[in-house]
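Chemist: Contents of protein.cif (mmCIF, C-alpha atoms and all ligand atoms; chains and numbers go by the auth columns) are below:
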```cif
data_coords
loop_
_atom_site.group_PDB
_atom_site.id
_atom_site.type_symbol
_atom_site.label_atom_id
_atom_site.label_comp_id
_atom_site.label_asym_id
_atom_site.label_seq_id
_atom_site.Cartn_x
_atom_site.Cartn_y
_atom_site.Cartn_z
_atom_site.B_iso_or_equiv
_atom_site.auth_seq_id
_atom_site.auth_asym_id
ATOM 1 C CA MET A 1 -58.219 -47.079 3.846 0.00 219 W
ATOM 2 C CA GLU A 2 -58.920 -44.987 6.913 0.00 220 W
ATOM 3 C CA ARG A 3 -61.342 -45.106 9.799 0.00 221 W
ATOM 4 C CA LEU A 4 -64.654 -43.490 8.946 0.00 222 W
ATOM 5 C CA GLN A 5 -64.623 -41.100 11.920 0.00 223 W
ATOM 6 C CA LYS A 6 -61.136 -39.908 10.967 0.00 224 W
ATOM 7 C CA VAL A 7 -62.216 -39.235 7.375 0.00 225 W
ATOM 8 C CA LEU A 8 -65.299 -37.352 8.590 0.00 226 W
ATOM 9 C CA ALA A 9 -63.216 -35.248 10.993 0.00 227 W
ATOM 10 C CA HIS A 10 -60.687 -34.562 8.243 0.00 228 W
ATOM 11 C CA ALA A 11 -63.469 -33.357 5.976 0.00 229 W
ATOM 12 C CA GLY A 12 -64.339 -30.760 8.612 0.00 230 W
ATOM 13 C CA VAL A 13 -67.660 -32.376 9.602 0.00 231 W
ATOM 14 C CA ALA A 14 -66.938 -32.097 13.342 0.00 232 W
ATOM 15 C CA SER A 15 -64.408 -33.249 15.927 0.00 233 W
ATOM 16 C CA ARG A 16 -63.539 -36.930 15.801 0.00 234 W
ATOM 17 C CA ARG A 17 -65.484 -37.623 19.002 0.00 235 W
ATOM 18 C CA LYS A 18 -68.601 -35.922 17.605 0.00 236 W
ATOM 19 C CA CYS A 19 -68.225 -37.869 14.343 0.00 237 W
ATOM 20 C CA GLU A 20 -68.208 -41.091 16.363 0.00 238 W
ATOM 21 C CA GLU A 21 -71.521 -40.017 17.880 0.00 239 W
ATOM 22 C CA PHE A 22 -72.890 -39.323 14.387 0.00 240 W
ATOM 23 C CA ILE A 23 -71.951 -42.880 13.338 0.00 241 W
ATOM 24 C CA ILE A 24 -73.442 -44.515 16.449 0.00 242 W
ATOM 25 C CA ASN A 25 -76.621 -42.513 15.945 0.00 243 W
ATOM 26 C CA GLY A 26 -77.032 -43.848 12.406 0.00 244 W
ATOM 27 C CA ARG A 27 -76.480 -40.500 10.689 0.00 245 W
ATOM 28 C CA VAL A 28 -73.672 -41.703 8.429 0.00 246 W
ATOM 29 C CA LYS A 29 -74.015 -43.712 5.205 0.00 247 W
ATOM 30 C CA VAL A 30 -71.244 -45.286 3.161 0.00 248 W
ATOM 31 C CA ASN A 31 -72.229 -46.136 -0.404 0.00 249 W
ATOM 32 C CA GLY A 32 -75.887 -45.809 0.512 0.00 250 W
ATOM 33 C CA GLN A 33 -75.751 -48.051 3.602 0.00 251 W
ATOM 34 C CA VAL A 34 -76.025 -46.811 7.182 0.00 252 W
ATOM 35 C CA VAL A 35 -72.848 -47.726 9.029 0.00 253 W
ATOM 36 C CA LEU A 36 -72.929 -48.090 12.826 0.00 254 W
ATOM 37 C CA ASP A 37 -69.566 -49.729 13.408 0.00 255 W
ATOM 38 C CA LEU A 38 -66.813 -47.408 14.649 0.00 256 W
ATOM 39 C CA GLY A 39 -64.227 -49.816 13.203 0.00 257 W
ATOM 40 C CA THR A 40 -65.427 -49.224 9.616 0.00 258 W
ATOM 41 C CA LYS A 41 -62.663 -48.290 7.192 0.00 259 W
ATOM 42 C CA VAL A 42 -63.290 -46.333 4.027 0.00 260 W
ATOM 43 C CA ASP A 43 -61.447 -44.973 1.045 0.00 261 W
ATOM 44 C CA PRO A 44 -62.286 -41.266 0.931 0.00 262 W
ATOM 45 C CA GLN A 45 -61.429 -41.145 -2.795 0.00 263 W
ATOM 46 C CA GLN A 46 -63.687 -44.081 -3.767 0.00 264 W
ATOM 47 C CA ASP A 47 -66.475 -44.384 -1.214 0.00 265 W
ATOM 48 C CA ARG A 48 -69.523 -42.161 -1.208 0.00 266 W
ATOM 49 C CA ILE A 49 -69.905 -40.899 2.340 0.00 267 W
ATOM 50 C CA GLU A 50 -72.965 -38.982 3.541 0.00 268 W
ATOM 51 C CA VAL A 51 -73.892 -37.358 6.844 0.00 269 W
ATOM 52 C CA ASP A 52 -77.635 -36.782 7.280 0.00 270 W
ATOM 53 C CA GLY A 53 -77.984 -37.399 3.546 0.00 271 W
ATOM 54 C CA THR A 54 -75.423 -34.756 2.553 0.00 272 W
ATOM 55 C CA PRO A 55 -72.258 -36.005 0.851 0.00 273 W
ATOM 56 C CA ILE A 56 -69.075 -34.892 2.578 0.00 274 W
ATOM 57 C CA HIS A 57 -66.575 -33.010 0.518 0.00 275 W
ATOM 58 C CA SER A 58 -62.949 -32.713 1.375 0.00 276 W
ATOM 59 C CA GLU A 59 -62.661 -29.200 2.675 0.00 277 W
ATOM 60 C CA LYS A 60 -59.306 -27.443 2.584 0.00 278 W
ATOM 61 C CA MET A 61 -57.609 -27.845 5.950 0.00 279 W
ATOM 62 C CA ALA A 62 -57.420 -24.502 7.704 0.00 280 W
ATOM 63 C CA TYR A 63 -55.334 -23.654 10.780 0.00 281 W
ATOM 64 C CA TYR A 64 -55.404 -20.336 12.615 0.00 282 W
ATOM 65 C CA LEU A 65 -53.943 -18.822 15.725 0.00 283 W
ATOM 66 C CA PHE A 66 -56.380 -16.470 17.439 0.00 284 W
ATOM 67 C CA TYR A 67 -55.888 -13.893 20.186 0.00 285 W
ATOM 68 C CA LYS A 68 -59.142 -14.376 22.074 0.00 286 W
ATOM 69 C CA PRO A 69 -60.291 -11.312 23.981 0.00 287 W
ATOM 70 C CA THR A 70 -62.196 -11.679 27.269 0.00 288 W
ATOM 71 C CA GLY A 71 -65.988 -11.599 26.977 0.00 289 W
ATOM 72 C CA VAL A 72 -66.026 -14.058 24.071 0.00 290 W
ATOM 73 C CA ILE A 73 -67.351 -17.614 24.386 0.00 291 W
ATOM 74 C CA THR A 74 -65.142 -20.450 23.114 0.00 292 W
ATOM 75 C CA SER A 75 -67.847 -21.997 20.988 0.00 293 W
ATOM 76 C CA VAL A 76 -69.094 -21.865 17.395 0.00 294 W
ATOM 77 C CA THR A 77 -72.630 -20.801 18.327 0.00 295 W
ATOM 78 C CA ASP A 78 -74.427 -19.485 21.382 0.00 296 W
ATOM 79 C CA THR A 79 -78.128 -19.831 22.004 0.00 297 W
ATOM 80 C CA HIS A 80 -78.148 -16.597 24.042 0.00 298 W
ATOM 81 C CA GLY A 81 -76.698 -14.507 21.221 0.00 299 W
ATOM 82 C CA ARG A 82 -73.421 -13.831 23.018 0.00 300 W
ATOM 83 C CA LYS A 83 -70.218 -13.204 21.085 0.00 301 W
ATOM 84 C CA VAL A 84 -68.426 -16.418 20.102 0.00 302 W
ATOM 85 C CA VAL A 85 -64.924 -17.006 18.739 0.00 303 W
ATOM 86 C CA THR A 86 -66.150 -17.838 15.214 0.00 304 W
ATOM 87 C CA ASP A 87 -67.696 -14.332 14.965 0.00 305 W
ATOM 88 C CA PHE A 88 -64.129 -13.159 14.342 0.00 306 W
ATOM 89 C CA PHE A 89 -63.705 -15.511 11.351 0.00 307 W
ATOM 90 C CA GLN A 90 -66.714 -14.615 9.232 0.00 308 W
ATOM 91 C CA GLU A 91 -64.720 -14.217 6.040 0.00 309 W
ATOM 92 C CA ILE A 92 -63.195 -17.703 6.408 0.00 310 W
ATOM 93 C CA PRO A 93 -65.107 -20.192 4.219 0.00 311 W
ATOM 94 C CA GLU A 94 -64.029 -23.296 6.160 0.00 312 W
ATOM 95 C CA ARG A 95 -66.022 -24.486 9.170 0.00 313 W
ATOM 96 C CA ILE A 96 -63.359 -24.025 11.799 0.00 314 W
ATOM 97 C CA TYR A 97 -63.771 -24.564 15.510 0.00 315 W
ATOM 98 C CA PRO A 98 -61.624 -24.019 18.616 0.00 316 W
ATOM 99 C CA VAL A 99 -59.119 -26.569 19.919 0.00 317 W
ATOM 100 C CA GLY A 100 -59.941 -26.853 23.602 0.00 318 W
ATOM 101 C CA ARG A 101 -61.403 -23.920 25.419 0.00 319 W
ATOM 102 C CA LEU A 102 -60.644 -20.712 27.232 0.00 320 W
ATOM 103 C CA ASP A 103 -63.189 -19.365 29.697 0.00 321 W
ATOM 104 C CA ASN A 104 -65.316 -16.402 28.749 0.00 322 W
ATOM 105 C CA ASP A 105 -63.241 -14.259 31.140 0.00 323 W
ATOM 106 C CA THR A 106 -59.851 -15.613 29.957 0.00 324 W
ATOM 107 C CA SER A 107 -57.920 -13.994 27.119 0.00 325 W
ATOM 108 C CA GLY A 108 -55.126 -15.397 25.002 0.00 326 W
ATOM 109 C CA LEU A 109 -53.996 -17.953 22.517 0.00 327 W
ATOM 110 C CA LEU A 110 -56.483 -20.300 20.910 0.00 328 W
ATOM 111 C CA ILE A 111 -55.916 -22.571 17.919 0.00 329 W
ATOM 112 C CA MET A 112 -58.826 -22.722 15.456 0.00 330 W
ATOM 113 C CA THR A 113 -59.029 -25.414 12.784 0.00 331 W
ATOM 114 C CA ASN A 114 -61.303 -27.722 10.795 0.00 332 W
ATOM 115 C CA ASP A 115 -58.793 -30.563 11.139 0.00 333 W
ATOM 116 C CA GLY A 116 -60.759 -32.727 13.550 0.00 334 W
ATOM 117 C CA ASP A 117 -58.033 -35.304 13.743 0.00 335 W
ATOM 118 C CA LEU A 118 -55.349 -32.835 14.829 0.00 336 W
ATOM 119 C CA ALA A 119 -57.781 -31.139 17.229 0.00 337 W
ATOM 120 C CA TYR A 120 -58.592 -34.513 18.807 0.00 338 W
ATOM 121 C CA ARG A 121 -54.924 -35.304 19.266 0.00 339 W
ATOM 122 C CA LEU A 122 -54.001 -31.894 20.639 0.00 340 W
ATOM 123 C CA MET A 123 -56.734 -32.221 23.247 0.00 341 W
ATOM 124 C CA HIS A 124 -55.877 -35.812 24.152 0.00 342 W
ATOM 125 C CA PRO A 125 -54.414 -35.960 27.681 0.00 343 W
ATOM 126 C CA SER A 126 -51.658 -38.393 26.687 0.00 344 W
ATOM 127 C CA PHE A 127 -49.815 -35.611 24.856 0.00 345 W
ATOM 128 C CA THR A 128 -48.170 -33.273 27.309 0.00 346 W
ATOM 129 C CA ILE A 129 -48.235 -29.984 25.461 0.00 347 W
ATOM 130 C CA ASP A 130 -47.143 -27.007 27.582 0.00 348 W
ATOM 131 C CA LYS A 131 -49.788 -24.364 28.020 0.00 349 W
ATOM 132 C CA ILE A 132 -48.464 -21.229 29.645 0.00 350 W
ATOM 133 C CA TYR A 133 -50.766 -18.874 31.539 0.00 351 W
ATOM 134 C CA LEU A 134 -50.284 -15.540 33.239 0.00 352 W
ATOM 135 C CA ALA A 135 -52.597 -15.370 36.236 0.00 353 W
ATOM 136 C CA THR A 136 -53.076 -12.185 38.203 0.00 354 W
ATOM 137 C CA VAL A 137 -53.985 -13.362 41.697 0.00 355 W
ATOM 138 C CA GLU A 138 -54.999 -11.758 44.945 0.00 356 W
ATOM 139 C CA GLY A 139 -52.078 -11.536 47.367 0.00 357 W
ATOM 140 C CA ILE A 140 -48.589 -12.931 46.944 0.00 358 W
ATOM 141 C CA PRO A 141 -48.258 -16.718 47.159 0.00 359 W
ATOM 142 C CA SER A 142 -45.415 -18.037 49.347 0.00 360 W
ATOM 143 C CA SER A 143 -42.763 -20.198 47.742 0.00 361 W
ATOM 144 C CA GLN A 144 -44.268 -23.139 49.637 0.00 362 W
ATOM 145 C CA LYS A 145 -47.615 -22.568 47.956 0.00 363 W
ATOM 146 C CA LEU A 146 -45.987 -22.277 44.542 0.00 364 W
ATOM 147 C CA LYS A 147 -44.255 -25.616 45.232 0.00 365 W
ATOM 148 C CA GLN A 148 -47.657 -27.118 46.025 0.00 366 W
ATOM 149 C CA LEU A 149 -48.890 -25.990 42.604 0.00 367 W
ATOM 150 C CA GLU A 150 -45.784 -27.486 40.998 0.00 368 W
ATOM 151 C CA LYS A 151 -46.125 -30.860 42.704 0.00 369 W
ATOM 152 C CA GLY A 152 -49.864 -31.116 42.097 0.00 370 W
ATOM 153 C CA VAL A 153 -52.951 -30.219 44.087 0.00 371 W
ATOM 154 C CA LEU A 154 -56.039 -32.298 44.747 0.00 372 W
ATOM 155 C CA LEU A 155 -59.032 -30.780 42.971 0.00 373 W
ATOM 156 C CA GLU A 156 -62.516 -32.305 42.908 0.00 374 W
ATOM 157 C CA ASP A 157 -61.638 -34.112 39.661 0.00 375 W
ATOM 158 C CA GLY A 158 -58.328 -35.498 40.937 0.00 376 W
ATOM 159 C CA TRP A 159 -54.690 -34.519 41.364 0.00 377 W
ATOM 160 C CA THR A 160 -53.220 -32.074 38.886 0.00 378 W
ATOM 161 C CA SER A 161 -50.040 -33.184 37.117 0.00 379 W
ATOM 162 C CA PRO A 162 -46.687 -31.527 37.769 0.00 380 W
ATOM 163 C CA ALA A 163 -46.564 -27.878 36.737 0.00 381 W
ATOM 164 C CA VAL A 164 -44.132 -24.972 36.773 0.00 382 W
ATOM 165 C CA ALA A 165 -45.083 -21.883 38.779 0.00 383 W
ATOM 166 C CA GLU A 166 -43.177 -18.648 39.231 0.00 384 W
ATOM 167 C CA ILE A 167 -44.017 -15.132 40.330 0.00 385 W
ATOM 168 C CA VAL A 168 -43.233 -12.632 37.584 0.00 386 W
ATOM 169 C CA GLU A 169 -44.578 -9.482 39.241 0.00 387 W
ATOM 170 C CA LYS A 170 -45.568 -8.303 42.716 0.00 388 W
ATOM 171 C CA ARG A 171 -47.870 -5.301 43.137 0.00 389 W
ATOM 172 C CA SER A 172 -49.152 -3.311 46.095 0.00 390 W
ATOM 173 C CA GLN A 173 -52.410 -1.391 46.593 0.00 391 W
ATOM 174 C CA PRO A 174 -54.066 -3.737 46.114 0.00 392 W
ATOM 175 C CA THR A 175 -51.619 -6.495 46.989 0.00 393 W
ATOM 176 C CA GLU A 176 -51.602 -8.853 44.049 0.00 394 W
ATOM 177 C CA SER A 177 -49.142 -10.757 41.940 0.00 395 W
ATOM 178 C CA VAL A 178 -48.776 -12.172 38.474 0.00 396 W
ATOM 179 C CA ILE A 179 -47.903 -15.860 38.334 0.00 397 W
ATOM 180 C CA ARG A 180 -46.665 -17.658 35.237 0.00 398 W
ATOM 181 C CA LEU A 181 -48.053 -21.172 35.336 0.00 399 W
ATOM 182 C CA THR A 182 -47.107 -23.905 32.899 0.00 400 W
ATOM 183 C CA ILE A 183 -49.510 -26.853 32.808 0.00 401 W
ATOM 184 C CA HIS A 184 -50.031 -29.775 30.448 0.00 402 W
ATOM 185 C CA GLU A 185 -53.633 -30.596 31.103 0.00 403 W
ATOM 186 C CA GLY A 186 -56.729 -28.755 29.958 0.00 404 W
ATOM 187 C CA ARG A 187 -59.343 -29.397 32.616 0.00 405 W
ATOM 188 C CA LYS A 188 -62.237 -27.036 33.056 0.00 406 W
ATOM 189 C CA ARG A 189 -61.188 -23.814 34.829 0.00 407 W
ATOM 190 C CA GLN A 190 -58.053 -25.601 35.912 0.00 408 W
ATOM 191 C CA VAL A 191 -55.771 -22.626 36.540 0.00 409 W
ATOM 192 C CA ARG A 192 -58.469 -20.773 38.455 0.00 410 W
ATOM 193 C CA ARG A 193 -59.187 -23.835 40.576 0.00 411 W
ATOM 194 C CA MET A 194 -55.494 -24.522 41.237 0.00 412 W
ATOM 195 C CA CYS A 195 -54.902 -20.961 42.417 0.00 413 W
ATOM 196 C CA GLN A 196 -58.077 -20.982 44.485 0.00 414 W
ATOM 197 C CA HIS A 197 -56.887 -24.182 46.101 0.00 415 W
ATOM 198 C CA ILE A 198 -53.767 -22.467 47.461 0.00 416 W
ATOM 199 C CA GLY A 199 -55.883 -19.526 48.650 0.00 417 W
ATOM 200 C CA HIS A 200 -55.167 -17.003 45.889 0.00 418 W
ATOM 201 C CA THR A 201 -58.187 -16.067 43.798 0.00 419 W
ATOM 202 C CA VAL A 202 -57.501 -15.383 40.117 0.00 420 W
ATOM 203 C CA LYS A 203 -58.512 -11.862 39.095 0.00 421 W
ATOM 204 C CA LYS A 204 -57.323 -12.050 35.516 0.00 422 W
ATOM 205 C CA LEU A 205 -56.160 -14.914 33.305 0.00 423 W
ATOM 206 C CA HIS A 206 -54.323 -14.942 29.998 0.00 424 W
ATOM 207 C CA ARG A 207 -52.833 -17.791 27.941 0.00 425 W
ATOM 208 C CA GLU A 208 -49.593 -16.571 26.425 0.00 426 W
ATOM 209 C CA LYS A 209 -48.234 -19.779 24.912 0.00 427 W
ATOM 210 C CA TYR A 210 -49.417 -23.111 23.527 0.00 428 W
ATOM 211 C CA GLY A 211 -46.491 -25.452 22.909 0.00 429 W
ATOM 212 C CA PHE A 212 -44.091 -23.422 20.751 0.00 430 W
ATOM 213 C CA LEU A 213 -46.805 -20.987 19.589 0.00 431 W
ATOM 214 C CA THR A 214 -47.002 -17.446 20.945 0.00 432 W
ATOM 215 C CA LEU A 215 -49.222 -14.419 20.266 0.00 433 W
ATOM 216 C CA LYS A 216 -46.325 -12.360 18.921 0.00 434 W
ATOM 217 C CA GLY A 217 -47.530 -9.714 16.459 0.00 435 W
ATOM 218 C CA LEU A 218 -51.241 -10.156 17.219 0.00 436 W
ATOM 219 C CA LYS A 219 -53.586 -7.790 19.030 0.00 437 W
ATOM 220 C CA LYS A 220 -56.727 -8.860 20.898 0.00 438 W
ATOM 221 C CA GLY A 221 -59.347 -10.131 18.455 0.00 439 W
ATOM 222 C CA GLU A 222 -56.814 -10.672 15.662 0.00 440 W
ATOM 223 C CA TYR A 223 -55.781 -13.941 14.074 0.00 441 W
ATOM 224 C CA ARG A 224 -53.260 -15.250 11.618 0.00 442 W
ATOM 225 C CA GLU A 225 -52.939 -18.420 9.597 0.00 443 W
ATOM 226 C CA LEU A 226 -50.458 -20.958 10.928 0.00 444 W
ATOM 227 C CA SER A 227 -47.572 -21.559 8.517 0.00 445 W
ATOM 228 C CA SER A 228 -47.185 -25.015 7.019 0.00 446 W
ATOM 229 C CA GLU A 229 -44.019 -25.441 9.131 0.00 447 W
ATOM 230 C CA GLU A 230 -46.003 -24.670 12.290 0.00 448 W
ATOM 231 C CA VAL A 231 -48.731 -27.128 11.308 0.00 449 W
ATOM 232 C CA THR A 232 -46.136 -29.806 10.615 0.00 450 W
ATOM 233 C CA ARG A 233 -44.504 -29.140 13.993 0.00 451 W
ATOM 234 C CA LEU A 234 -47.843 -29.383 15.779 0.00 452 W
ATOM 235 C CA LYS A 235 -48.591 -32.674 14.020 0.00 453 W
ATOM 236 C CA GLU A 236 -45.160 -34.005 14.960 0.00 454 W
ATOM 237 C CA MET A 237 -45.863 -33.187 18.597 0.00 455 W
ATOM 238 C CA VAL A 238 -48.880 -35.494 18.559 0.00 456 W
ATOM 239 C CA THR A 239 -47.844 -38.386 16.345 0.00 457 W
ATOM 240 C CA GLN A 240 -45.893 -40.537 18.790 0.00 458 W
ATOM 241 C CA ARG A 241 -48.981 -42.459 19.863 0.00 459 W
ATOM 242 C CA SER A 242 -49.972 -44.196 16.641 0.00 460 W
ATOM 243 C CA GLN A 243 -52.889 -46.045 18.271 0.00 461 W
ATOM 244 C CA LEU A 244 -54.839 -42.797 18.504 0.00 462 W
HETATM 245 N N1 LIG B . -57.623 -22.513 33.160 0.00 1 N
HETATM 246 C C1 LIG B . -58.670 -21.760 33.544 0.00 1 N
HETATM 247 O O1 LIG B . -58.992 -21.677 34.729 0.00 1 N
HETATM 248 N N2 LIG B . -59.345 -21.095 32.586 0.00 1 N
HETATM 249 C C2 LIG B . -59.006 -21.111 31.283 0.00 1 N
HETATM 250 O O2 LIG B . -59.661 -20.469 30.475 0.00 1 N
HETATM 251 C C3 LIG B . -57.916 -21.901 30.911 0.00 1 N
HETATM 252 C C4 LIG B . -57.247 -22.590 31.867 0.00 1 N
#
```
Using structure tokens, write down the structure from this file.
Ligand code: URA
Modeler:
Amino acid sequence: MERLQKVLAHAGVASRRKCEEFIINGRVKVNGQVVLDLGTKVDPQQDRIEVDGTPIHSEKMAYYLFYKPTGVITSVTDTHGRKVVTDFFQEIPERIYPVGRLDNDTSGLLIMTNDGDLAYRLMHPSFTIDKIYLATVEGIPSSQKLKQLEKGVLLEDGWTSPAVAEIVEKRSQPTESVIRLTIHEGRKRQVRRMCQHIGHTVKKLHREKYGFLTLKGLKKGEYRELSSEEVTRLKEMVTQRSQL
């Protein structure tokens, strides 16, 4: 028996958090009865589960690694008709969605899946998964400023956790530098805000690594399926906290 929201997320209905909303809003029935309790446990093999009157079916779990170009919204739809990440996956039958987000003007590595449970865990702040960014910034930060980034800076939503920051390239005309920044959190526009905080505006941002995953072999706009070993490794990275 498993929690209803976990079964729904596993079936690719939506992220676990969204599925919880569906339950609270009375959109989910188990064996013909509306269920509002988030503690409800079900047997996905035996129980008939419906969302908005449509039975869920166990969709094949799909996991992809995508090289997001800039100018693409990290979303499955956009009301203004702008390009979204799922536009690149039109031949994929599963309803996949992005794990976390990259800004419209950020390029780089994005995991796409329909495994709501894994997505929920990967995004949960209690798992410290390294995310490595290359930020091209105005000017050349002093070592003192880089140390500030490493120790943590106070943004409007609180202190950032410890990070690793190093300069990988210095350029002149215009004076700018490329910083490699390793962070664990995934707050909105975090890297841009951290760099702004130390007085170095980000001109360009790219995510080159997510945990052990890299973009090796992919060009902008391309994707590949994650291997079963990679999926297992990702799951292992987020299984220590069994209460989740
Ligand atoms: N930090 C940012 O500022 N933007 C991103 O897209 C990702 C991390």
Chemist: One number please: atom C3 of ligand LIG 1 (chain N) to atom CA of Val409 of chain W, in Å, one decimal.
Modeler: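 Straight-line distance from atom C3 of ligand LIG 1 (chain N) to atom CA of Val409 of chain W works out to 6.1 Å.
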Chemist: Could you list the protein, DNA and RNA residues that have any atom within 9 Å of ligand LIG 1 (chain N), counting all atoms listed in the file, and write them as a list in words?
Modeler: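 What falls inside 9 Å of ligand LIG 1 (chain N) is Arg319, Leu320, Asp321, Asn322, Asp323, Thr324, Ser325, Gly326, Lys349, Tyr351, Ile401, Glu403, Gly404, Arg405, Lys406, Arg407, Gln408, Val409, Arg410, Arg411, Met412, Cys413, Val420, Leu423, His424 and Arg425 of chain W.
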Chemist: What does the distance between atom CA of Asp270 of chain W and atom CA of Val302 of chain W come to in Å, to one decimal place?
Modeler: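 Those two atoms sit 25.8 Å apart.
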Chemist: Just the residues within 12 Å of Ala229 of chain W, please, counting all atoms listed in the file, with nothing from its chain fewer than 4 positions along; format it as a ChimeraX atom specification.
Modeler: /W:222-225,233-234,237,262-263,267-269,273-280,312-314,331-335
Chemist: Closest to Ala383 of chain W among W:His342, W:Lys369, W:Arg398, W:Lys301, using only C-alpha atoms?
Modeler: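 Closest candidate: W:Arg398.
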Chemist: So which one's closest to Thr378 of chain W, W:Glu238, W:Gln366, W:Lys421, W:Ser293? Using all atoms listed in the file, please.
Modeler: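 Nearest candidate to Thr378 of chain W out of W:Glu238, W:Gln366, W:Lys421, W:Ser293: W:Gln366.
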Chemist: Could you jot down the atom CA of Thr450 of chain W to atom CA of Thr258 of chain W separation for me, Å, one decimal place?
Modeler: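 Separating atom CA of Thr450 of chain W from atom CA of Thr258 of chain W is a distance of 27.4 Å.
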Chemist: Could you check the closest approach to Pro311 of chain W for each of W:Pro380, W:Val248, W:Gly230, W:Glu374 and tell me which residue wins, using all atoms listed in the file?
Modeler: W:Gly230
Chemist: Please list as a list in words every residue within 10 Å of Lys434 of chain W, counting all atoms listed in the file and excluding residues in the same chain fewer than 4 positions away.
Modeler: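 Contacts, in chain order: Tyr285, Glu426 and Lys427 of chain W.
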Chemist: Can you work out which one of W:Val253, W:Ile241, W:Ile397, W:Val290 has the shortest atom-to-atom distance to Lys438 of chain W, counting only C-alpha atoms?
Modeler: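 Ranking W:Val253, W:Ile241, W:Ile397, W:Val290 by distance to Lys438 of chain W, first place goes to W:Val290.
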Chemist: Between W:Pro343, W:Pro359, W:Gly250, W:Gly417, which residue has the minimum interatomic distance to Val396 of chain W, considering only C-alpha atoms?
Modeler: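 Residue with the minimum atom-to-atom distance to Val396 of chain W: W:Pro359.
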Chemist: Just want the 9 Å neighbourhood of Phe306 of chain W, counted on only C-alpha atoms, with same-chain residues fewer than 4 positions away dropped. Output as a PyMOL selection string.
Modeler: chain W and resi 284+302+439-441
Chemist: Quick one: residues within 9 Å of Lys453 of chain W, only C-alpha atoms, excluding same-chain residues fewer than 3 positions away - as a list in words?
Modeler: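 Returned residues: Leu336, Arg339, Leu340, Glu448, Val449, Thr450, Val456 and Thr457 of chain W.
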Chemist: Quick one: what's the axis-aligned box for segment 234-239 of chain W, all listed atoms, 5 Å on every side, centre and edges in Å to one decimal, as AutoDock Vina command-line options?
Modeler:
```
--center_x -67.5 --center_y -38.5 --center_z 16.7 --size_x 18.0 --size_y 15.2 --size_z 14.7
```
Chemist: Just say which residues the PyMOL selection byres (((chain W and resi 443) around 7) and not hetatm) picks in this file, as a count of residues only.
Modeler: 7
Chemist: Hey, which of W:Leu328, W:His415, W:Ser390, W:Lys363 ends up closest to Trp377 of chain W? Count all atoms listed in the file.
Modeler: W:His415
